[in-house]
Amino acid sequence: ILCAFVLKDKFLAFVIATIKTLIFFLYFYIFFDGTYTSGVDDYYYLSKGTLLIKEIRELPLASIEIFNVAESFHFMYVVISAIAQYAFGEHYFSLAAINVMASIFCGVVSYAIVKNQYQNDAHAKMFCVAMLMYPDVLSWSSVFAGKDTFVLLGHLIFLYAFSNLIKKHQPKFNVVWRDDKNY
């Protein structure tokens, strides 16, 4: 839906969504055996996300101490892990599924950056498609439950905010070109 909204081309959006989800489903349905994970790190965030869900269900919201649950300064990824597990179940693929969604937002934000800076819709669409189909982004988001996609999304949001700030405070010069004969 987001791709179709940004690209204004339902067929292209369908192709992109199909490729991204097909890689995800084929990998986790046919090939996944737990070999290609980052090991302890992934399962740490899964266990902490499960613990956070348990505490949210059992304790009043005001008494939950997120830093104690996370036992780390990476508490945002524990929250993301909890959201993923709540939505998709307590499985490794839950984190990868939420990464697929985050990668779509990466494409949307990258579209907004190019559109904002250059006012060229065609180039913004091409950049969005390039971001979504870039091999590293496909692999980070489709088969691996790492934080890389969220780091990329954070950087893109920062670039978008910074480009808006610069665009808003850009000085406007009124240069009048004159003919040499008038001097």
# chains A, B, ... in the order shown; residues from 1 in each chain; ligands from 1

$ residues_around --residues "A:Arg57" --least-positions-apart "6" --cutoff "12 Å" --atoms "only C-alpha atoms" --output "number ranges by chain"
A: 50-51, 63-64, 82, 86

$ residues_around --residues "A:Leu156" --least-positions-apart "4" --cutoff "10 Å" --atoms "only C-alpha atoms" --output "PyMOL selection string"
chain A and resi 105-110+112-113+150-152+160-162

$ select_by_dssp --residues "stretch 115-147 of chain A" --states "alpha helix (DSSP H)" --output "list in words"
Lys115, Asn116, Gln117, Tyr118, Asp121, Ala122, His123, Ala124, Lys125, Met126, Phe127, Cys128, Val129, Ala130, Met131, Leu132, Met133, Pro135, Asp136, Val137, Leu138, Ser139, Trp140, Ser141 and Ser142 of chain A

$ closest_residue --among "A:Ala4, A:Leu153, A:Val78, A:Cys128" --to "A:Ser47" --atoms "only C-alpha atoms"
A:Val78

$ closest_residue --among "A:Ala70, A:Leu59, A:Val40, A:Val137" --to "A:Ala96" --atoms "only C-alpha atoms"
A:Val137

$ residues_around --residues "A:Ile1" --least-positions-apart "6" --cutoff "12 Å" --atoms "only C-alpha atoms" --output "VMD selection string"
chain A and resid 7 to 14 16 to 17 101 104 to 105 108

$ residues_around --residues "A:Lys20" --least-positions-apart "5" --cutoff "9 Å" --atoms "only C-alpha atoms" --output "PyMOL selection string"
chain A and resi 15+25+100+132-133+138+141-142

$ closest_residue --among "A:Ala130, A:Val6, A:Ala102, A:Ala145" --to "A:Tyr44" --atoms "only C-alpha atoms"
A:Ala145

$ residues_around --residues "A:Leu95" --least-positions-apart "2" --cutoff "7 Å" --atoms "only C-alpha atoms" --output "list in words"
Ser81, Ala84, Tyr92, Phe93, Ala97, Ile98, Asn99 and Ala145 of chain A

$ closest_residue --among "A:Phe32, A:Phe24, A:Tyr45, A:Trp140" --to "A:Glu90" --atoms "only C-alpha atoms"
A:Tyr45

$ atom_distance --atom1 "atom CA of A:Met126" --atom2 "atom CA of A:Phe28"
29.1 Å

$ atom_distance --atom1 "atom CA of A:Tyr36" --atom2 "atom CA of A:Asp136"
15.1 Å

$ closest_residue --among "A:Met76, A:Ile19, A:Ser103, A:Gly39" --to "A:Leu52" --atoms "only C-alpha atoms"
A:Met76
